[in-house]
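Asker: Quick one: this structure, given as C-alpha cells, is what I'll be asking you about.
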Amino acid sequence: MPNDSELNVAENFYLIGEFELASEAYSGQLDSVSVNPKILVNKSISEFKHGQYGASLVDLYRAKKLIPRDKKLNMNIELVQEELNLNQPNLSFLNYLTVNELLIILAITNLFFVLRWRLTKSRIMRFFVSAVFVIVLMLSAYTYVNQELIDYAVVQSSSSKVYSGNNDSFSEIGELLEGQVIKVKSKNHDWSQISYNQQLGWVKEENLAYF
C-alpha cells in the first residue's frame, strides 16, 4: 500500500512545479503486486508536465488496465495523444475489460449453456447446446489467452530505428517516434518484432515500455 508521508512528498513536489521530482517520488509509491491507478495517473500527469509524453502515455495505459472505462483517464489519454500528434492503432476491445470482468462474463456464459442442456430433453437440442457450449468454451479459452498475450508498447525514446532483422547490422526500414503505440508480435533477446508499414520489423526493446 502507498506510504502516506512519501505520497505527500510526491504531491508537494507536484504543487511547487517540480514535476520531474514528483514523477520519481510517485514511482516509489507503486507496489509491483498491487498497483494503485490513482498514483499511476498522478505520475503520468507529472511526466506530461515535464515533457515525457511517451512515459506519460505508458502510465495512463497501465492505469487503464485497472480502470478501463474511467472517463477522465480516457480523456487524459486523448490529450497526450493529441500532444504527440501521432496516428495510434485501435486497441483490442479487451482493453476495455479487466481480466476479472472477462472471466466473470465467460463463466456466466458457460453456466447458461450448462443449464440449457440440463433443462432440455430433446436429444437434438442437447446435441446442439453441447456443441455451442464446446465452441463457447474454446472461444473463452482463446480470448483469455489472447488477453494475456496481446502486448502493446509505447516508444519512450525520441526516436527508434526499425530494422529488417533483430540486430543493427540489418538494414533500416523506418523509424518510430516518441509516444507511438505499437503492437509487439514477439521478442528475441533484447529486440521486439513489430508490424511496420505492412511488413515485419525489429526495434530495440530498451526503446519501448510495455503496458
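Here's how to read the names in the C-alpha cells: chain A, B, ... by the order shown, residue numbers from 1 in each chain, ligand numbers from 1 in the order shown.
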If you run DSSP on the backbone here, which positions in chain A get alpha helix (DSSP H)? Please write them as a ChimeraX atom specification.
Answerer: /A:4-15,19-27,37-49,53-66,71-84,99-119,123-149
Asker: Mind checking DSSP for chain A and telling me the strand (DSSP E) residues as a compact mmCIF listing (two decimals) with all heavy atoms, in the first residue's frame?
Answerer:
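The result, written out as result-v8.txt:
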```
# COMPACT_ATOMS: atom_id res chain seq x y z
N ASP A 151 0.46 -7.78 -26.54
CA ASP A 151 1.45 -6.88 -25.97
C ASP A 151 1.43 -5.57 -26.72
O ASP A 151 1.69 -5.53 -27.92
CB ASP A 151 2.85 -7.51 -26.06
CG ASP A 151 3.34 -8.01 -24.71
OD1 ASP A 151 2.84 -7.52 -23.69
OD2 ASP A 151 4.22 -8.88 -24.69
N TYR A 152 1.15 -4.51 -26.01
CA TYR A 152 1.27 -3.17 -26.58
C TYR A 152 2.45 -2.49 -25.89
O TYR A 152 2.74 -2.73 -24.73
CB TYR A 152 0.00 -2.36 -26.35
CG TYR A 152 -1.19 -2.80 -27.16
CD1 TYR A 152 -2.14 -3.65 -26.61
CD2 TYR A 152 -1.36 -2.37 -28.47
CE1 TYR A 152 -3.25 -4.05 -27.35
CE2 TYR A 152 -2.46 -2.77 -29.21
CZ TYR A 152 -3.40 -3.61 -28.65
OH TYR A 152 -4.49 -4.02 -29.38
N ALA A 153 3.11 -1.63 -26.63
CA ALA A 153 4.23 -0.88 -26.06
C ALA A 153 4.19 0.54 -26.59
O ALA A 153 3.61 0.82 -27.64
CB ALA A 153 5.55 -1.55 -26.43
N VAL A 154 4.82 1.43 -25.84
CA VAL A 154 4.95 2.82 -26.25
C VAL A 154 6.42 3.13 -26.44
O VAL A 154 7.27 2.71 -25.65
CB VAL A 154 4.35 3.77 -25.17
CG1 VAL A 154 4.64 5.22 -25.50
CG2 VAL A 154 2.85 3.56 -25.06
N VAL A 155 6.75 3.85 -27.52
CA VAL A 155 8.13 4.26 -27.77
C VAL A 155 8.48 5.36 -26.79
O VAL A 155 7.80 6.38 -26.72
CB VAL A 155 8.29 4.76 -29.22
CG1 VAL A 155 9.73 5.18 -29.47
CG2 VAL A 155 7.87 3.68 -30.21
N SER A 159 13.39 8.88 -30.74
CA SER A 159 13.16 8.14 -31.99
C SER A 159 13.76 6.75 -31.83
O SER A 159 14.67 6.55 -31.03
CB SER A 159 13.79 8.85 -33.19
OG SER A 159 15.20 8.87 -33.08
N SER A 160 13.23 5.81 -32.57
CA SER A 160 13.71 4.43 -32.50
C SER A 160 13.73 3.85 -33.91
O SER A 160 12.70 3.78 -34.57
CB SER A 160 12.79 3.60 -31.60
OG SER A 160 13.23 2.25 -31.54
N LYS A 161 14.90 3.45 -34.35
CA LYS A 161 15.03 2.91 -35.71
C LYS A 161 14.43 1.51 -35.79
O LYS A 161 14.51 0.72 -34.85
CB LYS A 161 16.50 2.88 -36.12
CG LYS A 161 17.12 4.27 -36.27
CD LYS A 161 18.60 4.20 -36.59
CE LYS A 161 19.18 5.60 -36.73
NZ LYS A 161 20.65 5.57 -36.98
N VAL A 162 13.83 1.24 -36.92
CA VAL A 162 13.24 -0.07 -37.19
C VAL A 162 14.14 -0.79 -38.20
O VAL A 162 14.48 -0.22 -39.25
CB VAL A 162 11.82 0.05 -37.77
CG1 VAL A 162 11.20 -1.33 -37.96
CG2 VAL A 162 10.94 0.90 -36.85
N TYR A 163 14.53 -2.02 -37.86
CA TYR A 163 15.44 -2.79 -38.72
C TYR A 163 14.70 -4.00 -39.31
O TYR A 163 13.68 -4.44 -38.79
CB TYR A 163 16.65 -3.28 -37.91
CG TYR A 163 17.53 -2.17 -37.38
CD1 TYR A 163 17.28 -1.60 -36.13
CD2 TYR A 163 18.62 -1.69 -38.12
CE1 TYR A 163 18.09 -0.58 -35.63
CE2 TYR A 163 19.43 -0.68 -37.63
CZ TYR A 163 19.16 -0.13 -36.38
OH TYR A 163 19.96 0.88 -35.89
N GLU A 172 18.03 -0.61 -42.21
CA GLU A 172 16.97 0.18 -41.60
C GLU A 172 15.79 0.27 -42.56
O GLU A 172 15.97 0.49 -43.75
CB GLU A 172 17.47 1.59 -41.29
CG GLU A 172 18.54 1.65 -40.21
CD GLU A 172 18.99 3.08 -39.94
OE1 GLU A 172 18.18 4.02 -40.19
OE2 GLU A 172 20.13 3.27 -39.50
N ILE A 173 14.59 0.09 -41.99
CA ILE A 173 13.40 0.18 -42.85
C ILE A 173 12.46 1.30 -42.40
O ILE A 173 11.43 1.54 -43.02
CB ILE A 173 12.63 -1.16 -42.88
CG1 ILE A 173 12.16 -1.56 -41.48
CG2 ILE A 173 13.46 -2.25 -43.52
CD1 ILE A 173 11.25 -2.79 -41.48
N GLY A 174 12.83 2.00 -41.33
CA GLY A 174 11.99 3.10 -40.88
C GLY A 174 12.36 3.58 -39.50
O GLY A 174 13.41 3.20 -38.95
N GLU A 175 11.50 4.40 -38.93
CA GLU A 175 11.76 5.00 -37.63
C GLU A 175 10.45 5.22 -36.89
O GLU A 175 9.45 5.61 -37.49
CB GLU A 175 12.51 6.32 -37.83
CG GLU A 175 12.99 6.96 -36.55
CD GLU A 175 13.82 8.21 -36.83
OE1 GLU A 175 13.56 8.89 -37.85
OE2 GLU A 175 14.71 8.52 -36.02
N LEU A 176 10.47 4.98 -35.59
CA LEU A 176 9.31 5.26 -34.73
C LEU A 176 9.60 6.49 -33.89
O LEU A 176 10.75 6.74 -33.52
CB LEU A 176 9.04 4.06 -33.81
CG LEU A 176 8.71 2.73 -34.48
CD1 LEU A 176 8.69 1.61 -33.45
CD2 LEU A 176 7.38 2.80 -35.21
N LEU A 177 8.55 7.25 -33.60
CA LEU A 177 8.70 8.47 -32.82
C LEU A 177 8.21 8.28 -31.39
O LEU A 177 7.40 7.39 -31.11
CB LEU A 177 7.91 9.61 -33.48
CG LEU A 177 8.31 9.94 -34.93
CD1 LEU A 177 7.38 11.02 -35.49
CD2 LEU A 177 9.76 10.36 -35.03
N VAL A 181 2.25 4.18 -30.15
CA VAL A 181 1.78 2.92 -29.57
C VAL A 181 1.88 1.85 -30.65
O VAL A 181 1.40 2.03 -31.76
CB VAL A 181 0.33 3.03 -29.08
CG1 VAL A 181 -0.16 1.71 -28.51
CG2 VAL A 181 0.20 4.13 -28.03
N ILE A 182 2.51 0.73 -30.32
CA ILE A 182 2.70 -0.34 -31.30
C ILE A 182 2.31 -1.68 -30.69
O ILE A 182 2.36 -1.87 -29.48
CB ILE A 182 4.17 -0.41 -31.79
CG1 ILE A 182 5.13 -0.56 -30.61
CG2 ILE A 182 4.53 0.79 -32.63
CD1 ILE A 182 6.57 -0.79 -30.99
N LYS A 183 1.89 -2.61 -31.57
CA LYS A 183 1.64 -3.98 -31.16
C LYS A 183 2.93 -4.78 -31.35
O LYS A 183 3.54 -4.73 -32.41
CB LYS A 183 0.54 -4.60 -32.01
CG LYS A 183 -0.86 -4.29 -31.56
CD LYS A 183 -1.86 -5.06 -32.39
CE LYS A 183 -3.29 -4.75 -31.95
NZ LYS A 183 -4.28 -5.50 -32.74
N VAL A 184 3.31 -5.50 -30.32
CA VAL A 184 4.52 -6.31 -30.38
C VAL A 184 4.13 -7.74 -30.68
O VAL A 184 3.33 -8.34 -29.97
CB VAL A 184 5.31 -6.23 -29.06
CG1 VAL A 184 6.54 -7.12 -29.12
CG2 VAL A 184 5.72 -4.78 -28.78
N LYS A 185 4.69 -8.29 -31.75
CA LYS A 185 4.35 -9.65 -32.16
C LYS A 185 5.17 -10.70 -31.42
O LYS A 185 4.67 -11.76 -31.07
CB LYS A 185 4.56 -9.79 -33.67
CG LYS A 185 3.55 -9.00 -34.50
CD LYS A 185 3.74 -9.25 -35.97
CE LYS A 185 2.56 -8.70 -36.76
NZ LYS A 185 1.31 -9.44 -36.52
N SER A 186 6.45 -10.44 -31.19
CA SER A 186 7.29 -11.40 -30.47
C SER A 186 8.54 -10.69 -29.96
O SER A 186 8.80 -9.53 -30.32
CB SER A 186 7.69 -12.56 -31.40
OG SER A 186 8.51 -12.10 -32.46
N LYS A 187 9.29 -11.39 -29.12
CA LYS A 187 10.53 -10.85 -28.57
C LYS A 187 11.66 -11.83 -28.80
O LYS A 187 11.45 -13.05 -28.77
CB LYS A 187 10.38 -10.57 -27.07
CG LYS A 187 9.26 -9.59 -26.74
CD LYS A 187 9.09 -9.47 -25.24
CE LYS A 187 7.87 -8.64 -24.88
NZ LYS A 187 7.66 -8.55 -23.42
N ASN A 188 12.84 -11.30 -29.03
CA ASN A 188 14.03 -12.15 -29.21
C ASN A 188 15.20 -11.45 -28.56
O ASN A 188 15.74 -10.47 -29.10
CB ASN A 188 14.28 -12.38 -30.71
CG ASN A 188 15.34 -13.44 -30.96
OD1 ASN A 188 16.33 -13.52 -30.24
ND2 ASN A 188 15.14 -14.25 -31.98
N TRP A 191 15.45 -7.55 -28.47
CA TRP A 191 14.75 -6.97 -29.61
C TRP A 191 13.28 -7.38 -29.60
O TRP A 191 12.92 -8.46 -29.15
CB TRP A 191 15.40 -7.41 -30.92
CG TRP A 191 16.76 -6.82 -31.12
CD1 TRP A 191 17.93 -7.23 -30.52
CD2 TRP A 191 17.10 -5.69 -31.93
NE1 TRP A 191 18.97 -6.43 -30.91
CE2 TRP A 191 18.50 -5.48 -31.78
CE3 TRP A 191 16.36 -4.85 -32.77
CZ2 TRP A 191 19.16 -4.46 -32.45
CZ3 TRP A 191 17.02 -3.83 -33.43
CH2 TRP A 191 18.41 -3.64 -33.26
N SER A 192 12.43 -6.48 -30.14
CA SER A 192 10.99 -6.75 -30.26
C SER A 192 10.59 -6.69 -31.72
O SER A 192 10.98 -5.77 -32.45
CB SER A 192 10.18 -5.72 -29.47
OG SER A 192 10.49 -5.80 -28.09
N GLN A 193 9.80 -7.68 -32.14
CA GLN A 193 9.31 -7.72 -33.52
C GLN A 193 7.95 -7.02 -33.59
O GLN A 193 7.06 -7.29 -32.80
CB GLN A 193 9.19 -9.15 -34.02
CG GLN A 193 8.84 -9.25 -35.50
CD GLN A 193 8.58 -10.68 -35.93
OE1 GLN A 193 7.79 -11.39 -35.30
NE2 GLN A 193 9.25 -11.13 -36.98
N ILE A 194 7.81 -6.13 -34.56
CA ILE A 194 6.57 -5.37 -34.71
C ILE A 194 6.11 -5.42 -36.16
O ILE A 194 6.86 -5.83 -37.05
CB ILE A 194 6.76 -3.90 -34.29
CG1 ILE A 194 7.73 -3.19 -35.25
CG2 ILE A 194 7.24 -3.79 -32.86
CD1 ILE A 194 7.76 -1.68 -35.10
N SER A 195 4.87 -5.00 -36.37
CA SER A 195 4.36 -4.84 -37.73
C SER A 195 4.57 -3.38 -38.11
O SER A 195 4.11 -2.47 -37.41
CB SER A 195 2.88 -5.20 -37.78
OG SER A 195 2.37 -5.03 -39.08
N TYR A 196 5.30 -3.15 -39.20
CA TYR A 196 5.65 -1.79 -39.59
C TYR A 196 5.42 -1.61 -41.09
O TYR A 196 6.06 -2.28 -41.90
CB TYR A 196 7.12 -1.50 -39.24
CG TYR A 196 7.56 -0.09 -39.59
CD1 TYR A 196 7.26 0.97 -38.74
CD2 TYR A 196 8.27 0.17 -40.76
CE1 TYR A 196 7.66 2.26 -39.04
CE2 TYR A 196 8.67 1.47 -41.08
CZ TYR A 196 8.36 2.50 -40.22
OH TYR A 196 8.75 3.79 -40.53
N GLN A 199 4.89 -4.71 -43.11
CA GLN A 199 5.98 -5.68 -43.10
C GLN A 199 6.47 -5.85 -41.66
O GLN A 199 6.10 -5.08 -40.78
CB GLN A 199 7.13 -5.24 -44.00
CG GLN A 199 7.74 -3.90 -43.62
CD GLN A 199 8.85 -3.47 -44.56
OE1 GLN A 199 9.71 -4.28 -44.93
NE2 GLN A 199 8.85 -2.21 -44.96
N LEU A 200 7.25 -6.88 -41.44
CA LEU A 200 7.77 -7.12 -40.09
C LEU A 200 9.07 -6.36 -39.90
O LEU A 200 9.93 -6.32 -40.79
CB LEU A 200 7.99 -8.62 -39.87
CG LEU A 200 6.73 -9.48 -39.85
CD1 LEU A 200 7.09 -10.95 -39.68
CD2 LEU A 200 5.78 -9.04 -38.73
N GLY A 201 9.20 -5.76 -38.74
CA GLY A 201 10.43 -5.04 -38.41
C GLY A 201 10.84 -5.32 -36.98
O GLY A 201 10.07 -5.91 -36.21
N TRP A 202 12.03 -4.90 -36.64
CA TRP A 202 12.56 -5.12 -35.29
C TRP A 202 13.05 -3.81 -34.69
O TRP A 202 13.65 -2.99 -35.38
CB TRP A 202 13.72 -6.12 -35.34
CG TRP A 202 13.31 -7.51 -35.72
CD1 TRP A 202 13.15 -8.01 -36.98
CD2 TRP A 202 13.00 -8.58 -34.82
NE1 TRP A 202 12.75 -9.31 -36.93
CE2 TRP A 202 12.66 -9.70 -35.63
CE3 TRP A 202 12.98 -8.71 -33.44
CZ2 TRP A 202 12.31 -10.92 -35.07
CZ3 TRP A 202 12.62 -9.94 -32.88
CH2 TRP A 202 12.30 -11.03 -33.70
N VAL A 203 12.76 -3.62 -33.40
CA VAL A 203 13.24 -2.43 -32.69
C VAL A 203 13.90 -2.89 -31.39
O VAL A 203 13.57 -3.95 -30.85
CB VAL A 203 12.10 -1.44 -32.37
CG1 VAL A 203 11.53 -0.87 -33.65
CG2 VAL A 203 11.02 -2.10 -31.54
N LYS A 204 14.82 -2.07 -30.90
CA LYS A 204 15.48 -2.40 -29.63
C LYS A 204 14.48 -2.30 -28.49
O LYS A 204 13.76 -1.29 -28.37
CB LYS A 204 16.67 -1.46 -29.40
CG LYS A 204 17.83 -1.71 -30.36
CD LYS A 204 19.00 -0.79 -30.05
CE LYS A 204 20.17 -1.08 -30.99
NZ LYS A 204 21.30 -0.18 -30.74
N LEU A 208 11.40 0.75 -25.77
CA LEU A 208 9.97 0.53 -25.60
C LEU A 208 9.62 0.38 -24.12
O LEU A 208 10.44 -0.07 -23.33
CB LEU A 208 9.51 -0.72 -26.35
CG LEU A 208 9.83 -0.80 -27.84
CD1 LEU A 208 9.34 -2.14 -28.40
CD2 LEU A 208 9.21 0.35 -28.61
N ALA A 209 8.39 0.74 -23.79
CA ALA A 209 7.85 0.46 -22.46
C ALA A 209 6.52 -0.24 -22.65
O ALA A 209 5.66 0.24 -23.39
CB ALA A 209 7.66 1.76 -21.68
N TYR A 210 6.36 -1.38 -22.00
CA TYR A 210 5.15 -2.21 -22.18
C TYR A 210 4.08 -1.82 -21.18
O TYR A 210 4.37 -1.36 -20.08
CB TYR A 210 5.50 -3.68 -22.03
CG TYR A 210 6.35 -4.20 -23.17
CD1 TYR A 210 7.74 -4.07 -23.13
CD2 TYR A 210 5.77 -4.79 -24.27
CE1 TYR A 210 8.52 -4.52 -24.19
CE2 TYR A 210 6.54 -5.25 -25.32
CZ TYR A 210 7.91 -5.11 -25.27
OH TYR A 210 8.68 -5.55 -26.31
```
Asker: Point out the residue among A:Asn74, A:Asn167, A:Gln156, A:Gln29 with the least atom-to-atom distance to Ala10 (chain A), counting only C-alpha atoms.
Answerer: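 Closest residue, counting only C-alpha atoms: A:Gln29.
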Asker: Identify which of the residues A:Gly179, A:Leu111, A:Ser46, A:Leu30 lies closest to Tyr61 (chain A), counting only C-alpha atoms when measuring atom-to-atom distances.
Answerer: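 Looking only at the distances to Tyr61 (chain A), the closest residue turns out to be A:Gly179.
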Asker: Given only C-alpha atoms as the basis, pick out the residue of A:Met138, A:Ile67, A:Ala55, A:Leu103 nearest to Ser158 (chain A).
Answerer: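 The shortest atom-to-atom distance to Ser158 (chain A) comes from A:Ala55.
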